[in-house]
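Reproduced below: upload.pdb, with PDB, C-alpha atoms.
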ATOM      1  CA  MET A  84       2.224  -8.890 -21.020  1.00  0.00           C
ATOM      2  CA  ASN A  85      -0.882  -7.303 -19.482  1.00  0.00           C
ATOM      3  CA  LYS A  86      -2.730 -10.314 -18.002  1.00  0.00           C
ATOM      4  CA  LYS A  87      -5.876  -9.998 -15.870  1.00  0.00           C
ATOM      5  CA  ILE A  88      -6.044 -12.564 -13.085  1.00  0.00           C
ATOM      6  CA  PHE A  89      -8.853 -13.608 -10.744  1.00  0.00           C
ATOM      7  CA  TYR A  90      -8.053 -15.507  -7.562  1.00  0.00           C
ATOM      8  CA  TYR A  91      -9.411 -15.951  -4.044  1.00  0.00           C
ATOM      9  CA  SER A  92      -8.705 -14.585  -0.582  1.00  0.00           C
ATOM     10  CA  ASN A  93     -10.857 -16.051   2.206  1.00  0.00           C
ATOM     11  CA  GLN A  94     -13.455 -17.098  -0.398  1.00  0.00           C
ATOM     12  CA  THR A  95     -13.610 -13.573  -1.863  1.00  0.00           C
ATOM     13  CA  LYS A  96     -12.674 -13.196  -5.527  1.00  0.00           C
ATOM     14  CA  LEU A  97      -9.902 -10.654  -6.102  1.00  0.00           C
ATOM     15  CA  CYS A  98      -8.734  -9.167  -9.379  1.00  0.00           C
ATOM     16  CA  GLY A  99      -5.251  -8.104 -10.459  1.00  0.00           C
ATOM     17  CA  ILE A 100      -3.154  -7.276 -13.505  1.00  0.00           C
ATOM     18  CA  LEU A 101       0.138  -9.114 -14.050  1.00  0.00           C
ATOM     19  CA  ASN A 102       2.869  -7.679 -16.260  1.00  0.00           C
ATOM     20  CA  GLN A 103       5.566 -10.323 -16.655  1.00  0.00           C
ATOM     21  CA  VAL A 104       8.190  -8.559 -18.738  1.00  0.00           C
ATOM     22  CA  ASN A 105      11.348 -10.516 -17.887  1.00  0.00           C
ATOM     23  CA  ASN A 106      12.326 -14.070 -16.980  1.00  0.00           C
ATOM     24  CA  THR A 107      13.393 -13.437 -13.401  1.00  0.00           C
ATOM     25  CA  LYS A 108      11.521 -14.809 -10.397  1.00  0.00           C
ATOM     26  CA  GLU A 109      11.194 -11.395  -8.743  1.00  0.00           C
ATOM     27  CA  LEU A 110       7.933  -9.427  -8.741  1.00  0.00           C
ATOM     28  CA  VAL A 111       6.918  -5.920  -7.659  1.00  0.00           C
ATOM     29  CA  ILE A 112       3.460  -5.870  -6.076  1.00  0.00           C
ATOM     30  CA  ILE A 113       1.644  -2.519  -5.970  1.00  0.00           C
ATOM     31  CA  CYS A 114      -0.979  -1.832  -3.273  1.00  0.00           C
ATOM     32  CA  HIS A 115      -3.441   1.002  -3.816  1.00  0.00           C
ATOM     33  CA  ALA A 116      -4.706   3.600  -1.336  1.00  0.00           C
ATOM     34  CA  ARG A 117      -7.807   3.303   0.856  1.00  0.00           C
ATOM     35  CA  THR A 118     -11.017   2.577  -1.085  1.00  0.00           C
ATOM     36  CA  SER A 119      -9.142   3.329  -4.326  1.00  0.00           C
ATOM     37  CA  SER A 120      -8.292   0.638  -6.886  1.00  0.00           C
ATOM     38  CA  LYS A 121      -5.560  -0.924  -8.976  1.00  0.00           C
ATOM     39  CA  ASP A 122      -6.624   1.450 -11.763  1.00  0.00           C
ATOM     40  CA  SER A 123      -5.857   4.649  -9.858  1.00  0.00           C
ATOM     41  CA  ARG A 124      -3.569   7.223 -11.434  1.00  0.00           C
ATOM     42  CA  ALA A 125      -0.684   6.446  -9.074  1.00  0.00           C
ATOM     43  CA  THR A 126      -0.770   2.667  -9.509  1.00  0.00           C
ATOM     44  CA  THR A 127      -1.219   2.720 -13.286  1.00  0.00           C
ATOM     45  CA  LEU A 128       1.550   5.276 -13.878  1.00  0.00           C
ATOM     46  CA  LEU A 129       3.900   3.269 -11.683  1.00  0.00           C
ATOM     47  CA  GLU A 130       2.937   0.060 -13.480  1.00  0.00           C
ATOM     48  CA  GLU A 131       3.617   1.622 -16.875  1.00  0.00           C
ATOM     49  CA  ALA A 132       7.039   2.851 -15.779  1.00  0.00           C
ATOM     50  CA  LEU A 133       7.995  -0.492 -14.257  1.00  0.00           C
ATOM     51  CA  SER A 134       6.925  -2.346 -17.387  1.00  0.00           C
ATOM     52  CA  GLN A 135       8.917   0.027 -19.598  1.00  0.00           C
ATOM     53  CA  GLU A 136      11.944  -0.686 -17.406  1.00  0.00           C
ATOM     54  CA  LYS A 137      11.359  -4.443 -17.846  1.00  0.00           C
ATOM     55  CA  ILE A 138      10.503  -4.959 -14.168  1.00  0.00           C
ATOM     56  CA  ASN A 139       7.829  -7.590 -13.455  1.00  0.00           C
ATOM     57  CA  ASN A 140       4.853  -6.081 -11.639  1.00  0.00           C
ATOM     58  CA  PHE A 141       1.395  -6.887 -10.328  1.00  0.00           C
ATOM     59  CA  ARG A 142      -1.317  -4.477  -9.177  1.00  0.00           C
ATOM     60  CA  PHE A 143      -4.532  -5.723  -7.602  1.00  0.00           C
ATOM     61  CA  ASP A 144      -7.780  -4.588  -6.003  1.00  0.00           C
ATOM     62  CA  PHE A 145      -8.336  -5.073  -2.291  1.00  0.00           C
ATOM     63  CA  ILE A 146     -11.655  -6.489  -1.131  1.00  0.00           C
ATOM     64  CA  ALA A 147     -14.691  -4.358  -2.133  1.00  0.00           C
ATOM     65  CA  CYS A 148     -12.528  -2.182  -4.399  1.00  0.00           C
ATOM     66  CA  GLY A 149     -12.319  -1.988  -8.190  1.00  0.00           C
ATOM     67  CA  GLU A 150     -13.041  -5.350  -9.792  1.00  0.00           C
ATOM     68  CA  SER A 151     -12.655  -7.396  -6.615  1.00  0.00           C
ATOM     69  CA  ALA A 152     -15.736  -8.815  -4.918  1.00  0.00           C
ATOM     70  CA  GLY A 153     -17.029  -7.972  -1.473  1.00  0.00           C
ATOM     71  CA  ASP A 154     -19.257  -5.406   0.174  1.00  0.00           C
ATOM     72  CA  ILE A 155     -17.963  -2.244   1.815  1.00  0.00           C
ATOM     73  CA  SER A 156     -18.965  -3.824   5.133  1.00  0.00           C
ATOM     74  CA  ASP A 157     -16.201  -6.413   4.470  1.00  0.00           C
ATOM     75  CA  TYR A 158     -13.608  -3.694   3.950  1.00  0.00           C
ATOM     76  CA  SER A 159     -11.145  -3.721   6.865  1.00  0.00           C
ATOM     77  CA  VAL A 160      -7.438  -3.572   7.601  1.00  0.00           C
ATOM     78  CA  THR A 161      -7.581  -7.219   8.714  1.00  0.00           C
ATOM     79  CA  ASN A 162      -9.087  -8.321   5.399  1.00  0.00           C
ATOM     80  CA  MET A 163      -6.647  -6.193   3.406  1.00  0.00           C
ATOM     81  CA  ILE A 164      -3.697  -7.775   5.201  1.00  0.00           C
ATOM     82  CA  ASN A 165      -5.157 -11.198   4.382  1.00  0.00           C
ATOM     83  CA  ASN A 166      -5.632 -10.092   0.760  1.00  0.00           C
ATOM     84  CA  LEU A 167      -1.963  -9.177   0.429  1.00  0.00           C
ATOM     85  CA  ASN A 168      -0.750 -12.379   2.072  1.00  0.00           C
ATOM     86  CA  ASP A 169      -3.005 -14.419  -0.233  1.00  0.00           C
ATOM     87  CA  THR A 170      -1.799 -12.415  -3.247  1.00  0.00           C
ATOM     88  CA  LEU A 171       1.801 -13.242  -2.394  1.00  0.00           C
ATOM     89  CA  LYS A 172       0.856 -16.898  -2.010  1.00  0.00           C
ATOM     90  CA  GLU A 173      -0.950 -16.863  -5.367  1.00  0.00           C
ATOM     91  CA  MET A 174       2.021 -15.311  -7.150  1.00  0.00           C
ATOM     92  CA  LYS A 175       4.410 -17.769  -5.504  1.00  0.00           C
ATOM     93  CA  ASP A 176       2.417 -20.989  -5.819  1.00  0.00           C
ATOM     94  CA  ASN A 177       0.712 -20.512  -9.175  1.00  0.00           C
ATOM     95  CA  TYR A 178       2.994 -18.140 -11.095  1.00  0.00           C
ATOM     96  CA  GLY A 179       6.420 -19.204  -9.858  1.00  0.00           C
ATOM     97  CA  PHE A 180       7.674 -15.950  -8.357  1.00  0.00           C
ATOM     98  CA  GLU A 181      10.139 -16.470  -5.533  1.00  0.00           C
ATOM     99  CA  SER A 182      10.962 -12.981  -4.231  1.00  0.00           C
ATOM    100  CA  PHE A 183       8.984  -9.765  -3.941  1.00  0.00           C
ATOM    101  CA  ILE A 184       9.257  -6.000  -3.674  1.00  0.00           C
ATOM    102  CA  LEU A 185       6.208  -4.304  -2.187  1.00  0.00           C
ATOM    103  CA  VAL A 186       5.047  -0.776  -3.026  1.00  0.00           C
ATOM    104  CA  GLY A 187       2.176   0.752  -1.064  1.00  0.00           C
ATOM    105  CA  CYS A 188       0.327   4.047  -1.515  1.00  0.00           C
ATOM    106  CA  SER A 189      -1.127   5.699   1.620  1.00  0.00           C
ATOM    107  CA  MET A 190      -3.213   2.928   3.266  1.00  0.00           C
ATOM    108  CA  GLY A 191      -1.463   0.482   0.954  1.00  0.00           C
ATOM    109  CA  ALA A 192       1.800   1.484   2.643  1.00  0.00           C
ATOM    110  CA  ARG A 193       0.298   0.565   5.994  1.00  0.00           C
ATOM    111  CA  ILE A 194      -0.808  -2.809   4.667  1.00  0.00           C
ATOM    112  CA  ILE A 195       2.603  -3.749   3.242  1.00  0.00           C
ATOM    113  CA  SER A 196       4.095  -2.879   6.645  1.00  0.00           C
ATOM    114  CA  LEU A 197       1.823  -5.480   8.258  1.00  0.00           C
ATOM    115  CA  VAL A 198       2.382  -8.322   5.785  1.00  0.00           C
ATOM    116  CA  ASP A 199       3.513 -11.702   7.085  1.00  0.00           C
ATOM    117  CA  HIS A 200       7.109 -11.251   5.954  1.00  0.00           C
ATOM    118  CA  HIS A 201       8.229 -14.471   7.622  1.00  0.00           C
ATOM    119  CA  ARG A 202       6.280 -16.490   5.018  1.00  0.00           C
ATOM    120  CA  PHE A 203       7.646 -14.775   1.923  1.00  0.00           C
ATOM    121  CA  ASP A 204      10.989 -13.577   0.581  1.00  0.00           C
ATOM    122  CA  ILE A 205      10.421  -9.826   0.559  1.00  0.00           C
ATOM    123  CA  LYS A 206      13.504  -7.994  -0.688  1.00  0.00           C
ATOM    124  CA  LYS A 207      12.444  -4.347  -0.331  1.00  0.00           C
ATOM    125  CA  ILE A 208       9.458  -2.151   0.461  1.00  0.00           C
ATOM    126  CA  VAL A 209       8.511   1.295  -0.848  1.00  0.00           C
ATOM    127  CA  LEU A 210       6.079   3.504   1.065  1.00  0.00           C
ATOM    128  CA  TRP A 211       4.447   6.338  -0.872  1.00  0.00           C
ATOM    129  CA  TYR A 212       2.825   8.946   1.422  1.00  0.00           C
ATOM    130  CA  GLY A 213       2.315   6.190   3.958  1.00  0.00           C
ATOM    131  CA  ALA A 214      -0.600   6.273   6.408  1.00  0.00           C
ATOM    132  CA  LEU A 215       1.529   4.800   9.174  1.00  0.00           C
ATOM    133  CA  ASP A 216      -0.424   5.966  12.240  1.00  0.00           C
ATOM    134  CA  TYR A 217       2.604   7.542  13.885  1.00  0.00           C
ATOM    135  CA  PHE A 218       0.595  10.266  15.638  1.00  0.00           C
ATOM    136  CA  ARG A 219      -2.260   8.076  16.828  1.00  0.00           C
ATOM    137  CA  LYS A 220      -1.370   8.239  20.537  1.00  0.00           C
ATOM    138  CA  ALA A 221      -1.071  12.012  20.449  1.00  0.00           C
ATOM    139  CA  PHE A 222      -4.712  12.454  19.519  1.00  0.00           C
ATOM    140  CA  ASN A 223      -6.422  10.540  22.325  1.00  0.00           C
ATOM    141  CA  LEU A 224      -8.512   7.899  20.603  1.00  0.00           C
ATOM    142  CA  PRO A 225     -11.248   7.768  19.551  1.00  0.00           C
ATOM    143  CA  LEU A 226     -10.357  10.225  16.824  1.00  0.00           C
ATOM    144  CA  LYS A 227     -12.825  12.514  15.104  1.00  0.00           C
ATOM    145  CA  LYS A 228     -13.769  10.101  12.303  1.00  0.00           C
ATOM    146  CA  GLU A 229     -14.227   7.209  14.712  1.00  0.00           C
ATOM    147  CA  LYS A 230     -16.372   9.352  17.015  1.00  0.00           C
ATOM    148  CA  ILE A 231     -18.635  10.255  14.105  1.00  0.00           C
ATOM    149  CA  ALA A 232     -18.840   6.615  13.010  1.00  0.00           C
ATOM    150  CA  LYS A 233     -19.718   5.520  16.534  1.00  0.00           C
ATOM    151  CA  LYS A 234     -22.439   8.159  16.829  1.00  0.00           C
ATOM    152  CA  GLN A 235     -24.178   7.638  13.472  1.00  0.00           C
ATOM    153  CA  GLY A 236     -22.998   4.127  12.573  1.00  0.00           C
ATOM    154  CA  TYR A 237     -20.679   5.190   9.759  1.00  0.00           C
ATOM    155  CA  TYR A 238     -18.266   7.835   8.566  1.00  0.00           C
ATOM    156  CA  GLN A 239     -18.734   8.993   4.983  1.00  0.00           C
ATOM    157  CA  ILE A 240     -15.518   9.536   3.034  1.00  0.00           C
ATOM    158  CA  GLU A 241     -14.979  10.645  -0.559  1.00  0.00           C
ATOM    159  CA  LYS A 242     -17.094   9.248  -3.410  1.00  0.00           C
ATOM    160  CA  GLY A 243     -19.991   8.521  -1.051  1.00  0.00           C
ATOM    161  CA  ILE A 244     -18.291   5.524   0.567  1.00  0.00           C
ATOM    162  CA  LYS A 245     -19.337   4.882   4.149  1.00  0.00           C
ATOM    163  CA  LEU A 246     -16.955   3.215   6.595  1.00  0.00           C
ATOM    164  CA  SER A 247     -18.578   1.588   9.597  1.00  0.00           C
ATOM    165  CA  TYR A 248     -17.602   2.003  13.229  1.00  0.00           C
ATOM    166  CA  ASN A 249     -16.332  -1.586  13.105  1.00  0.00           C
ATOM    167  CA  TYR A 250     -13.862  -0.525  10.406  1.00  0.00           C
ATOM    168  CA  PHE A 251     -12.275   1.987  12.765  1.00  0.00           C
ATOM    169  CA  ARG A 252     -12.298  -0.443  15.681  1.00  0.00           C
ATOM    170  CA  ASP A 253     -10.451  -2.975  13.527  1.00  0.00           C
ATOM    171  CA  GLU A 254      -8.038  -0.364  12.172  1.00  0.00           C
ATOM    172  CA  ARG A 255      -6.710   0.658  15.574  1.00  0.00           C
ATOM    173  CA  LYS A 256      -5.640  -2.897  16.426  1.00  0.00           C
ATOM    174  CA  TYR A 257      -2.620  -2.425  14.157  1.00  0.00           C
ATOM    175  CA  PHE A 258       0.502  -0.327  14.610  1.00  0.00           C
ATOM    176  CA  ALA A 259       2.313  -0.380  11.285  1.00  0.00           C
ATOM    177  CA  TYR A 260       5.212   1.811  12.348  1.00  0.00           C
ATOM    178  CA  LYS A 261       6.117  -0.521  15.226  1.00  0.00           C
ATOM    179  CA  ARG A 262       6.346  -3.404  12.776  1.00  0.00           C
ATOM    180  CA  LEU A 263       8.606  -1.328  10.536  1.00  0.00           C
ATOM    181  CA  TYR A 264      11.013  -0.605  13.398  1.00  0.00           C
ATOM    182  CA  LYS A 265      11.699  -4.324  13.828  1.00  0.00           C
ATOM    183  CA  TRP A 266      11.906  -5.247  10.149  1.00  0.00           C
ATOM    184  CA  ASP A 267      15.386  -4.852   8.656  1.00  0.00           C
ATOM    185  CA  VAL A 268      14.348  -5.080   4.988  1.00  0.00           C
ATOM    186  CA  PRO A 269      15.498  -2.051   2.901  1.00  0.00           C
ATOM    187  CA  LYS A 270      12.804   0.640   3.009  1.00  0.00           C
ATOM    188  CA  LEU A 271      12.175   3.704   0.876  1.00  0.00           C
ATOM    189  CA  PHE A 272       9.833   6.396   2.212  1.00  0.00           C
ATOM    190  CA  ILE A 273       8.573   8.982  -0.311  1.00  0.00           C
ATOM    191  CA  HIS A 274       6.345  11.794   0.898  1.00  0.00           C
ATOM    192  CA  GLY A 275       5.285  15.258  -0.255  1.00  0.00           C
ATOM    193  CA  THR A 276       5.772  18.159   2.135  1.00  0.00           C
ATOM    194  CA  ASN A 277       2.331  19.624   1.323  1.00  0.00           C
ATOM    195  CA  ASP A 278       0.361  16.420   1.890  1.00  0.00           C
ATOM    196  CA  ARG A 279      -3.133  17.459   3.007  1.00  0.00           C
ATOM    197  CA  PHE A 280      -4.219  14.030   4.212  1.00  0.00           C
ATOM    198  CA  VAL A 281      -1.167  12.361   5.785  1.00  0.00           C
ATOM    199  CA  ASN A 282       1.386  14.588   7.490  1.00  0.00           C
ATOM    200  CA  TYR A 283       4.815  14.040   5.942  1.00  0.00           C
ATOM    201  CA  LYS A 284       6.390  14.290   9.424  1.00  0.00           C
ATOM    202  CA  SER A 285       5.053  10.797  10.080  1.00  0.00           C
ATOM    203  CA  SER A 286       7.314   9.382   7.362  1.00  0.00           C
ATOM    204  CA  VAL A 287      10.211  11.483   8.660  1.00  0.00           C
ATOM    205  CA  LYS A 288       9.902  10.161  12.200  1.00  0.00           C
ATOM    206  CA  VAL A 289       9.271   6.551  11.253  1.00  0.00           C
ATOM    207  CA  SER A 290      12.126   6.446   8.742  1.00  0.00           C
ATOM    208  CA  LYS A 291      14.575   7.827  11.323  1.00  0.00           C
ATOM    209  CA  LYS A 292      13.732   5.019  13.740  1.00  0.00           C
ATOM    210  CA  CYS A 293      13.883   2.251  11.137  1.00  0.00           C
ATOM    211  CA  GLN A 294      16.867   0.160  10.190  1.00  0.00           C
ATOM    212  CA  ASN A 295      18.044   0.243   6.588  1.00  0.00           C
ATOM    213  CA  SER A 296      15.775   3.087   5.449  1.00  0.00           C
ATOM    214  CA  LYS A 297      15.929   5.978   3.002  1.00  0.00           C
ATOM    215  CA  LEU A 298      13.663   9.045   2.998  1.00  0.00           C
ATOM    216  CA  VAL A 299      12.810  11.168  -0.034  1.00  0.00           C
ATOM    217  CA  LEU A 300      10.787  14.330   0.608  1.00  0.00           C
ATOM    218  CA  ILE A 301       9.198  15.929  -2.436  1.00  0.00           C
ATOM    219  CA  LYS A 302       9.009  19.679  -1.942  1.00  0.00           C
ATOM    220  CA  ASN A 303       5.434  20.987  -2.166  1.00  0.00           C
ATOM    221  CA  GLY A 304       4.204  17.508  -3.083  1.00  0.00           C
ATOM    222  CA  ASP A 305       0.575  16.728  -2.229  1.00  0.00           C
ATOM    223  CA  HIS A 306      -1.127  13.418  -1.451  1.00  0.00           C
ATOM    224  CA  GLY A 307      -1.105  11.188  -4.526  1.00  0.00           C
ATOM    225  CA  PHE A 308       1.484  13.409  -6.265  1.00  0.00           C
ATOM    226  CA  PRO A 309      -1.044  15.163  -8.543  1.00  0.00           C
ATOM    227  CA  ASP A 310       1.724  17.349  -9.979  1.00  0.00           C
ATOM    228  CA  GLU A 311       3.210  15.560 -12.978  1.00  0.00           C
ATOM    229  CA  ASN A 312       6.815  16.413 -12.096  1.00  0.00           C
ATOM    230  CA  ASN A 313       6.353  15.210  -8.522  1.00  0.00           C
ATOM    231  CA  MET A 314       4.937  11.930  -9.786  1.00  0.00           C
ATOM    232  CA  LYS A 315       7.852  11.489 -12.195  1.00  0.00           C
ATOM    233  CA  LEU A 316      10.300  12.078  -9.344  1.00  0.00           C
ATOM    234  CA  ALA A 317       8.534   9.552  -7.089  1.00  0.00           C
ATOM    235  CA  ILE A 318       8.599   6.961  -9.866  1.00  0.00           C
ATOM    236  CA  LYS A 319      12.277   7.623 -10.668  1.00  0.00           C
ATOM    237  CA  GLU A 320      13.285   7.287  -7.004  1.00  0.00           C
ATOM    238  CA  THR A 321      11.275   4.067  -6.752  1.00  0.00           C
ATOM    239  CA  ILE A 322      12.840   2.482  -9.827  1.00  0.00           C
ATOM    240  CA  ASP A 323      16.347   3.555  -8.783  1.00  0.00           C
ATOM    241  CA  PHE A 324      15.740   1.961  -5.364  1.00  0.00           C
ATOM    242  CA  ILE A 325      14.455  -1.253  -6.940  1.00  0.00           C
ATOM    243  CA  ARG A 326      17.509  -1.400  -9.219  1.00  0.00           C
ATOM    244  CA  GLU A 327      20.000  -0.947  -6.354  1.00  0.00           C
ATOM    245  CA  ASN A 328      21.926  -4.056  -5.350  1.00  0.00           C
TER
END
Render the structure in this file as structure tokens.
Amino acid sequence: MNKKIFYYSNQTKLCGILNQVNNTKELVIICHARTSSKDSRATTLLEEALSQEKINNFRFDFIACGESAGDISDYSVTNMINNLNDTLKEMKDNYGFESFILVGCSMGARIISLVDHHRFDIKKIVLWYGALDYFRKAFNLPLKKEKIAKKQGYYQIEKGIKLSYNYFRDERKYFAYKRLYKWDVPKLFIHGTNDRFVNYKSSVKVSKKCQNSKLVLIKNGDHGFPDENNMKLAIKETIDFIREN
């Protein structure tokens, strides 16, 4: 059941955990938040629930995160998109999975929105407190973090991790919400109304403009759903959505 896998994306070794708990060819892939890891609270609790429900799942570390190789200077939205595409290819070519459901947390939600969905059979996507960039235009780029990074060469985020100015330059090439508007795959948006890091109104506005979408707002929920009951609700809504025909 719990199988650790190493594989490559653009010559960088990535690490993931595969839980194959049924004989179907469908797999849920879980994408962690920015500079987090596959072993974060959100991803591990979701994995445990999916496995208990006999739903195949795979969680992995993006480049320079967790057990995956790479330096923080390699960490970029472009490389993360490549990581997810290569993960899908790995699961399809070497493990026999034919269809996929993608779940992304925060930045992970942005990445699953930018995946090359023409190459793979993606049945559904779930976006937990998605960092979808909806308000980018309203703030007159460069934004505060990018300005700081440009001035001193980096912007320091939590846990002492420094993101370079090049990271922010790369990040603003992508508009995840525009991709979501044009993609008719079933979508579930889950967001807490007290999110301190990503305004829940972004998910509200994006979901309203998307085809085939459902929005779940968790009252008083914060980023990452630190409240146990909020996390249980997010997981229940996710599993119910996955189970829907």
Open item on the list: With distances taken over all atoms listed in the file, which residue among A:Val104, A:Ile113, A:Ile88, A:Leu271 lies nearest A:Thr127?
Closed with: A:Ile113
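If you count only C-alpha atoms and ignore residues fewer than 5 places along the chain from stretch 238-248 of chain A, what sits within 7 Å of it is Lys228, Glu229, Ile231, Ala232 and Lys233 of chain A.
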Open item on the list: What's around A:Lys315 at 10 Å? Count all atoms listed in the file, leave out sequence neighbours fewer than 4 positions away in its own chain, and write the answer as a ChimeraX atom specification.
Closed with: /A:128-129,132,308,310-311,319-321
Task: Which residue of A:Ser92, A:Asn85, A:Asn328, A:Asn168 approaches A:Arg202 most closely, using all atoms listed in the file - done: A:Asn168
Task: Shell of 12 Å around A:Lys292, only C-alpha atoms, local chain residues under 2 positions omitted, as a list in words - done: Tyr217, Tyr260, Lys261, Arg262, Leu263, Tyr264, Lys265, Trp266, Asp267, Lys270, Ser285, Ser286, Val287, Lys288, Val289, Ser290, Gln294, Asn295, Ser296, Lys297 and Leu298 of chain A
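Residue selection for this entry, given the PyMOL selection byres ((chain A and resi 140) around 7), comprises Leu101, Asn102, Gln103, Leu110, Val111, Ile112, Glu130, Leu133, Ile138, Asn139, Phe141 and Arg142 of chain A.
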Write a file of the selected residues as a PDB file, keeping the file's coordinate frame, keeping C-alpha atoms.
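Now in result_30.pdb:
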ATOM      1  CA  LEU A 101       0.138  -9.114 -14.050  1.00  0.00           C
ATOM      2  CA  ASN A 102       2.869  -7.679 -16.260  1.00  0.00           C
ATOM      3  CA  GLN A 103       5.566 -10.323 -16.655  1.00  0.00           C
ATOM      4  CA  LEU A 110       7.933  -9.427  -8.741  1.00  0.00           C
ATOM      5  CA  VAL A 111       6.918  -5.920  -7.659  1.00  0.00           C
ATOM      6  CA  ILE A 112       3.460  -5.870  -6.076  1.00  0.00           C
ATOM      7  CA  GLU A 130       2.937   0.060 -13.480  1.00  0.00           C
ATOM      8  CA  LEU A 133       7.995  -0.492 -14.257  1.00  0.00           C
ATOM      9  CA  ILE A 138      10.503  -4.959 -14.168  1.00  0.00           C
ATOM     10  CA  ASN A 139       7.829  -7.590 -13.455  1.00  0.00           C
ATOM     11  CA  PHE A 141       1.395  -6.887 -10.328  1.00  0.00           C
ATOM     12  CA  ARG A 142      -1.317  -4.477  -9.177  1.00  0.00           C
TER      13      ARG A 142
END
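Atom pair atom CA of A:Asn93 / atom CA of A:Asn177: separated by 16.8 Å.
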Please, which residues in stretch 139-250 of chain A fall within 10 Å of stretch 276-280 of chain A when counting all atoms listed in the file, and what is the closest atom pair and distance in Å to one decimal for each, ordered by chain then residue number, as a Markdown table?
| residue | atom | partner | partner_atom | distance |
| --- | --- | --- | --- | --- |
| A:Ser189 | CA | A:Phe280 | CA | 9.3 |
| A:Tyr212 | CA | A:Asp278 | CA | 7.9 |
| A:Ala214 | CA | A:Phe280 | CA | 8.8 |
Open item on the list: Set the distance at 12 Å and use all atoms listed in the file: which residues neighbour A:Val198 once local chain neighbours fewer than 4 positions away are removed? I'd like the list as a PyMOL selection string.
Closed with: chain A and resi 114+160-172+183-187+191-194+202-205+208+257+259+262-263+266
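A straight line drawn from atom CA of A:Met190 to atom CA of A:Lys230 is 20.1 Å long.
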Open item on the list: List as a list of chain:residue names the protein and nucleic acid residues near A:Ile146, meaning an atom at most 9 Å away when all atoms listed in the file are counted, but skip any in the same chain fewer than 2 places from it.
Closed with: A:Ser92, A:Thr95, A:Lys96, A:Leu97, A:Asp144, A:Cys148, A:Gly149, A:Glu150, A:Ser151, A:Ala152, A:Gly153, A:Asp154, A:Ile155, A:Asp157, A:Tyr158, A:Ser159, A:Asn162, A:Met163, A:Asn166
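From atom CA of A:Asp176 back to atom CA of A:Ile318, the distance works out to 28.9 Å.
Using all atoms listed in the file for every distance, the candidate list A:Phe143, A:Phe180, A:Phe324, A:Asn282 yields A:Phe143 as the residue closest to A:Tyr90.
Proximity ranking of A:Arg124, A:His201, A:Gly307, A:Ser156 relative to A:Tyr237 places A:Ser156 first, based on all atoms listed in the file.
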